[in-house]
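Just protein_35.txt here, compact mmCIF, C-alpha atoms:
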# COMPACT_ATOMS: atom_id res chain seq x y z
CA MET N 1 -5.08 3.64 17.29
CA SER N 2 -7.57 5.84 19.14
CA GLU N 3 -7.97 9.56 18.41
CA GLU N 4 -6.81 10.25 21.98
CA THR N 5 -3.60 8.29 21.42
CA GLN N 6 -2.98 10.08 18.13
CA SER N 7 -3.45 13.48 19.76
CA HIS N 8 -0.60 12.75 22.20
CA ARG N 9 1.90 11.74 19.54
CA PRO N 10 4.82 14.10 18.89
CA PRO N 11 4.55 16.24 15.76
CA ILE N 12 5.94 14.95 12.50
CA ALA N 13 9.33 16.54 11.95
CA ARG N 14 10.94 14.52 9.13
CA VAL N 15 9.24 12.84 6.19
CA LEU N 16 10.85 10.72 3.47
CA VAL N 17 8.87 10.39 0.23
CA VAL N 18 10.03 7.49 -1.96
CA MET N 19 8.57 7.27 -5.45
CA ALA N 20 9.39 5.48 -8.70
CA HIS N 21 9.37 8.42 -11.14
CA PRO N 22 9.58 12.19 -11.31
CA ASP N 23 5.99 13.52 -10.88
CA ASP N 24 4.78 10.50 -8.82
CA ALA N 25 5.10 12.44 -5.56
CA GLU N 26 3.09 15.39 -6.82
CA PHE N 27 0.29 13.11 -8.02
CA SER N 28 0.31 10.91 -4.90
CA CYS N 29 0.80 13.38 -2.10
CA GLY N 30 1.61 16.88 -3.36
CA GLY N 31 -1.02 18.54 -1.19
CA VAL N 32 0.04 16.66 1.93
CA VAL N 33 3.71 17.45 1.28
CA LYS N 34 2.90 21.17 1.10
CA GLN N 35 0.84 20.90 4.27
CA LEU N 36 3.69 19.18 6.11
CA THR N 37 6.37 21.64 5.01
CA SER N 38 4.09 24.57 5.89
CA GLN N 39 3.79 23.09 9.38
CA GLY N 40 7.58 23.03 9.73
CA ALA N 41 8.39 19.46 8.74
CA THR N 42 11.44 18.68 6.62
CA VAL N 43 10.49 16.59 3.61
CA VAL N 44 13.04 14.78 1.45
CA TYR N 45 12.27 13.11 -1.87
CA VAL N 46 13.85 9.93 -3.21
CA VAL N 47 13.11 9.29 -6.89
CA LEU N 48 14.19 5.79 -7.81
CA THR N 49 14.31 6.00 -11.63
CA GLY N 50 15.28 8.71 -14.07
CA GLY N 51 11.94 8.58 -15.83
CA ASP N 52 13.81 7.77 -19.03
CA LYS N 53 10.82 6.09 -20.70
CA GLY N 54 8.51 9.04 -20.10
CA ASN N 55 8.35 10.35 -23.65
CA HIS N 56 7.17 9.16 -27.07
CA ASP N 57 9.19 11.57 -29.23
CA PRO N 58 11.91 9.63 -31.12
CA SER N 59 14.02 12.78 -31.41
CA VAL N 60 14.43 13.01 -27.63
CA THR N 61 17.58 11.36 -26.29
CA VAL N 62 17.57 9.51 -22.98
CA PRO N 63 20.26 11.69 -21.32
CA ASN N 64 18.42 14.86 -22.29
CA LEU N 65 15.09 13.48 -21.09
CA VAL N 66 16.52 12.37 -17.75
CA GLU N 67 18.15 15.77 -17.21
CA ARG N 68 14.92 17.54 -18.12
CA ARG N 69 12.85 15.39 -15.78
CA MET N 70 15.29 15.97 -12.94
CA GLN N 71 14.98 19.72 -13.48
CA GLU N 72 11.20 19.46 -13.57
CA GLN N 73 11.17 17.41 -10.37
CA ARG N 74 13.37 19.87 -8.51
CA ALA N 75 11.14 22.76 -9.62
CA ALA N 76 7.99 20.92 -8.51
CA ALA N 77 9.56 19.97 -5.18
CA ALA N 78 10.59 23.58 -4.54
CA ILE N 79 6.99 24.76 -4.96
CA LEU N 80 5.96 22.30 -2.25
CA GLY N 81 8.74 23.32 0.13
CA VAL N 82 11.01 20.33 -0.52
CA GLY N 83 14.65 21.34 -0.74
CA GLU N 84 16.37 17.97 -1.12
CA VAL N 85 15.76 15.43 -3.88
CA HIS N 86 17.77 12.21 -4.30
CA PHE N 87 17.78 10.59 -7.74
CA LEU N 88 18.91 6.96 -7.58
CA GLY N 89 19.10 6.47 -11.35
CA GLU N 90 17.44 3.08 -11.77
CA GLU N 91 16.14 2.32 -15.26
CA ASP N 92 12.57 3.42 -15.85
CA GLY N 93 10.24 0.51 -16.62
CA PHE N 94 12.54 -2.15 -15.18
CA LEU N 95 12.74 -1.21 -11.51
CA GLN N 96 13.43 -4.20 -9.28
CA PRO N 97 13.70 -4.47 -5.48
CA THR N 98 17.30 -5.65 -5.56
CA ARG N 99 19.69 -6.09 -2.65
CA ASP N 100 21.70 -3.09 -3.87
CA LEU N 101 18.64 -0.84 -4.03
CA ARG N 102 17.56 -1.96 -0.58
CA LYS N 103 20.96 -1.01 0.80
CA ARG N 104 20.86 2.39 -0.87
CA LEU N 105 17.46 3.07 0.65
CA VAL N 106 18.58 1.83 4.07
CA ARG N 107 21.51 4.23 3.89
CA ILE N 108 19.18 7.17 3.19
CA ILE N 109 16.75 6.14 5.93
CA ARG N 110 19.56 5.87 8.48
CA GLN N 111 21.06 9.18 7.36
CA PHE N 112 17.82 11.18 7.37
CA ARG N 113 16.07 9.25 10.18
CA PRO N 114 12.50 10.08 9.14
CA ASP N 115 9.48 9.92 11.40
CA VAL N 116 7.25 9.04 8.44
CA VAL N 117 7.84 7.40 5.07
CA ILE N 118 5.37 7.92 2.23
CA CYS N 119 5.65 5.42 -0.62
CA GLN N 120 3.67 3.62 -3.28
CA ASN N 121 1.41 0.66 -2.65
CA PRO N 122 3.17 -2.64 -3.54
CA GLU N 123 -0.14 -4.49 -3.85
CA ASN N 124 -1.85 -2.22 -6.34
CA TYR N 125 -2.14 -3.73 -9.83
CA PHE N 126 -5.11 -1.54 -10.79
CA TRP N 127 -6.34 1.92 -9.82
CA GLY N 128 -9.99 2.61 -10.46
CA ASP N 129 -11.71 0.99 -13.41
CA SER N 130 -9.45 2.06 -16.25
CA TYR N 131 -5.83 2.19 -15.08
CA ILE N 132 -3.21 -0.57 -14.95
CA ASN N 133 -0.70 0.44 -12.33
CA HIS N 134 2.86 0.85 -13.56
CA PRO N 135 5.08 -2.06 -12.43
CA ASP N 136 7.69 0.45 -11.22
CA HIS N 137 5.12 1.84 -8.79
CA ARG N 138 4.58 -1.58 -7.26
CA ASN N 139 8.27 -2.41 -7.12
CA ALA N 140 9.07 0.98 -5.62
CA GLY N 141 6.70 0.05 -2.81
CA VAL N 142 8.29 -3.38 -2.38
CA ALA N 143 11.81 -1.93 -2.31
CA THR N 144 10.84 0.72 0.22
CA LEU N 145 9.03 -1.67 2.55
CA GLU N 146 11.92 -4.14 2.46
CA ALA N 147 14.32 -1.34 3.35
CA ILE N 148 12.13 -0.10 6.20
CA PHE N 149 11.66 -3.53 7.77
CA PRO N 150 13.63 -5.24 8.89
CA ALA N 151 16.80 -3.82 7.36
CA ALA N 152 16.87 -0.14 8.38
CA GLY N 153 16.23 -0.89 12.04
CA ASN N 154 18.41 -3.97 12.42
CA LEU N 155 22.17 -3.62 12.93
CA MET N 156 22.73 -7.11 11.50
CA PHE N 157 21.77 -5.83 8.04
CA PHE N 158 24.55 -4.14 6.08
CA PRO N 159 27.07 -3.93 8.95
CA ASP N 160 29.38 -1.82 6.79
CA LEU N 161 26.86 1.00 7.20
CA LEU N 162 27.71 1.01 10.90
CA ALA N 163 31.29 1.79 9.93
CA GLU N 164 29.90 4.86 8.15
CA GLY N 165 28.34 5.94 11.44
CA LEU N 166 24.81 5.03 10.30
CA GLU N 167 23.02 3.53 13.27
CA PRO N 168 19.79 1.55 12.82
CA HIS N 169 16.61 3.57 12.59
CA SER N 170 12.95 2.54 12.82
CA ILE N 171 10.26 4.85 11.49
CA ARG N 172 7.13 5.79 13.42
CA GLU N 173 4.65 5.68 10.55
CA LEU N 174 4.26 4.42 6.99
CA TRP N 175 1.79 5.99 4.56
CA LEU N 176 0.96 4.03 1.39
CA SER N 177 -0.52 5.92 -1.55
CA MET N 178 -2.91 4.64 -4.24
CA VAL N 179 -4.79 2.22 -2.01
CA ASP N 180 -8.35 0.96 -2.36
CA ASP N 181 -8.96 0.83 1.39
CA PRO N 182 -7.52 4.05 2.87
CA ASN N 183 -7.71 4.61 6.61
CA HIS N 184 -6.28 8.13 6.48
CA GLU N 185 -7.70 10.98 4.40
CA ILE N 186 -6.32 14.51 4.43
CA ASP N 187 -8.32 17.45 3.15
CA ILE N 188 -6.13 19.33 0.66
CA THR N 189 -8.82 21.64 -0.72
CA ASP N 190 -6.91 24.78 0.24
CA LEU N 191 -3.72 23.30 -1.24
CA LEU N 192 -5.10 21.91 -4.49
CA ASP N 193 -3.92 24.86 -6.58
CA ILE N 194 -0.39 24.42 -5.21
CA LYS N 195 -0.49 20.69 -5.97
CA ILE N 196 -1.51 21.51 -9.54
CA ALA N 197 1.15 24.23 -9.83
CA ALA N 198 3.75 21.64 -8.86
CA LEU N 199 2.38 19.14 -11.40
CA ARG N 200 2.53 21.83 -14.08
CA GLN N 201 6.31 21.83 -13.73
CA HIS N 202 6.40 18.39 -15.35
CA VAL N 203 5.92 19.85 -18.81
CA SER N 204 7.58 16.91 -20.57
CA GLN N 205 4.83 14.58 -19.36
CA PHE N 206 1.68 16.32 -20.56
CA ASP N 207 0.48 17.21 -24.04
CA ASP N 208 -2.16 19.47 -22.49
CA LEU N 209 -1.59 20.91 -19.03
CA ASP N 210 -5.18 22.14 -18.79
CA GLU N 211 -6.49 18.62 -19.44
CA MET N 212 -4.14 17.30 -16.76
CA GLU N 213 -5.50 19.87 -14.30
CA LYS N 214 -9.08 18.94 -15.16
CA TRP N 215 -8.32 15.26 -14.54
CA VAL N 216 -6.64 15.99 -11.20
CA ARG N 217 -9.60 18.05 -10.03
CA GLU N 218 -11.98 15.25 -10.98
CA ARG N 219 -9.85 12.46 -9.51
CA TRP N 220 -9.30 14.00 -6.07
CA ALA N 221 -12.76 15.49 -5.64
CA LYS N 222 -15.07 14.17 -2.96
CA ALA N 223 -18.17 15.36 -1.14
CA GLY N 224 -17.23 16.81 2.23
CA PRO N 225 -19.35 17.79 5.23
CA GLU N 226 -22.75 19.12 4.18
CA HIS N 227 -22.00 17.77 0.70
CA GLU N 228 -19.80 20.64 -0.46
CA LEU N 229 -17.05 19.72 -2.91
CA ARG N 230 -13.71 19.05 -1.24
CA TYR N 231 -10.41 17.46 -2.29
CA TYR N 232 -8.60 14.72 -0.39
CA GLU N 233 -5.40 12.70 -0.60
CA SER N 234 -5.82 9.24 0.88
CA PHE N 235 -3.43 6.69 2.36
CA LYS N 236 -3.20 3.43 4.18
CA ARG N 237 -1.47 4.58 7.37
CA LEU N 238 0.47 2.18 9.58
CA TRP N 239 1.78 3.02 13.05
CA PHE N 240 4.77 1.33 14.66
CA ASP N 241 4.98 2.94 18.10

This entry written out as structure tokens:
Amino acid sequence: MSEETQSHRPPIARVLVVMAHPDDAEFSCGGVVKQLTSQGATVVYVVLTGGDKGNHDPSVTVPNLVERRMQEQRAAAAILGVGEVHFLGEEDGFLQPTRDLRKRLVRIIRQFRPDVVICQNPENYFWGDSYINHPDHRNAGVATLEAIFPAAGNLMFFPDLLAEGLEPHSIRELWLSMVDDPNHEIDITDLLDIKIAALRQHVSQFDDLDEMEKWVRERWAKAGPEHELRYYESFKRLWFD
């Protein structure tokens, strides 16, 4: 799509962010989410699992951990201007793109009717040279893509949703995070501190918050114009209209 065509597109008003775990959104697109909400867009989160494997302390119970991670996610979302978070309660570590999950996502897509969906890359088995991508991240991407197309926009899928008044909906754009070949980079330099502040809400996930911040600053750093240090979030962006 040419820059001229992009410049004539209507502004983004509604964005659905679908991620596997609490904290995935802040890592993947926290700066962009803050940018979008600051520009007036409504952003809604869908967190597919409860993050119930996200701890190594044997004294922590699963119900308490899930409740804590939900609280942390809501606090992080609020910092970024996100007021609505859906938790679908799938089991952490065993997420699968089932028919039931697809229907639940189709229901949310038809209810919210987003212009843009941001989700995880279903093809990404590795990230960089030292990270094996979590299988839930990949399956979250598969589940989301299968809900977007063809199901959400086709009235022949899940006809009982029509009885709920949920008409088919097709999104305008899809943004995939954690890709090796991004075609869309957004400068979040001025928003990096807010991204990190949101990540700092996920206290249960980090032994050392300062080390986490150091890693984030290193991971998202890139030389900008005239070689000054800038920070970017990158996506594979697909257009459908």

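With distances taken over all atoms listed in the file, N:Arg102 is the one residue among N:Ile12, N:Phe126, N:Asp187, N:Arg102 lying closest to Pro150 (chain N).
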
For this session: Mind giving me the straight-line distance from CA of Gln39 (chain N) to CA of Arg74 (chain N) in Å, one decimal?
Result: 20.5 Å

For this session: Rank nothing, just name the residue among N:Thr49, N:Asn121, N:Thr42, N:Gln96 nearest to Glu67 (chain N), using all atoms listed in the file.
Result: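 That would be N:Thr49, the residue with the smallest distance to Glu67 (chain N).
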
Problem set entry | Nearest to Ser177 (chain N) by atom-to-atom distance, counting only C-alpha atoms, from N:Ile148, N:Val66, N:Cys29, N:Ile132 |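 The shortest atom-to-atom distance to Ser177 (chain N) comes from N:Cys29.
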
For this session: Fewer than 2 positions away in the same chain doesn't count, so skip those; otherwise give me all residues within 8 Å of Leu174 (chain N), counting only C-alpha atoms, as a list in words.
Result: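 Near neighbours after the sequence-gap exclusion: Val116, Val117, Ile118, Cys119, Ile171, Arg172, Leu176, Arg237, Leu238 and Trp239 of chain N.
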
Any idea what's packed within 9 Å of Glu167 (chain N), counting only C-alpha atoms, ignoring anything in its chain fewer than 4 positions away? Could you give it as an mmCIF file with C-alpha atoms, in the coordinates of the input?
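Below is the file that was written, around_32.cif:
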data_model
loop_
_atom_site.group_PDB
_atom_site.id
_atom_site.type_symbol
_atom_site.label_atom_id
_atom_site.label_comp_id
_atom_site.auth_asym_id
_atom_site.auth_seq_id
_atom_site.Cartn_x
_atom_site.Cartn_y
_atom_site.Cartn_z
ATOM 1 C CA ARG N 110 19.560 5.870 8.480
ATOM 2 C CA GLN N 111 21.060 9.180 7.360
ATOM 3 C CA ALA N 152 16.870 -0.140 8.380
ATOM 4 C CA GLY N 153 16.230 -0.890 12.040
ATOM 5 C CA ASN N 154 18.410 -3.970 12.420
ATOM 6 C CA LEU N 155 22.170 -3.620 12.930
ATOM 7 C CA LEU N 161 26.860 1.000 7.200
ATOM 8 C CA LEU N 162 27.710 1.010 10.900
#

For this session: Write out as a count of residues only each polymer residue whose atoms come within 7 Å of His137 (chain N), counting all atoms listed in the file; drop sequence neighbours fewer than 3 positions from it.
Result: 6

Problem set entry | Of the listed residues N:Ala41, N:Val62, N:Val47, N:Ala143, that which approaches Pro22 (chain N) most closely, counting only C-alpha atoms | N:Val47

Exercise. Smallest atom-to-atom distance to Thr37 (chain N): which of N:Ala78, N:Ala25, N:Met156, N:Ala151, using all atoms listed in the file?
Worked result: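 Result for the nearest residue to Thr37 (chain N): N:Ala78.
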
For this session: Rounded to one decimal place, report the CA of Pro97 (chain N)-CA of Ser170 (chain N) distance in Å.
Result: 19.6 Å

Problem set entry | Two-atom distance - CA of Pro122 (chain N), CA of Met19 (chain N) (Å) |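 Computing it gives 11.4 Å between the two atoms.
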
Exercise. Residues at most 8 Å from Trp127 (chain N), counting all atoms listed in the file, excluding those fewer than 6 positions away in the same chain, as a PyMOL selection string?
Worked result: chain N and resi 133+178-180

Write a file of the just-selected residues containing C-alpha atoms, as an mmCIF file, in the frame of the given file.
data_model
loop_
_atom_site.group_PDB
_atom_site.id
_atom_site.type_symbol
_atom_site.label_atom_id
_atom_site.label_comp_id
_atom_site.auth_asym_id
_atom_site.auth_seq_id
_atom_site.Cartn_x
_atom_site.Cartn_y
_atom_site.Cartn_z
ATOM 1 C CA ASN N 133 -0.700 0.440 -12.330
ATOM 2 C CA MET N 178 -2.910 4.640 -4.240
ATOM 3 C CA VAL N 179 -4.790 2.220 -2.010
ATOM 4 C CA ASP N 180 -8.350 0.960 -2.360
#
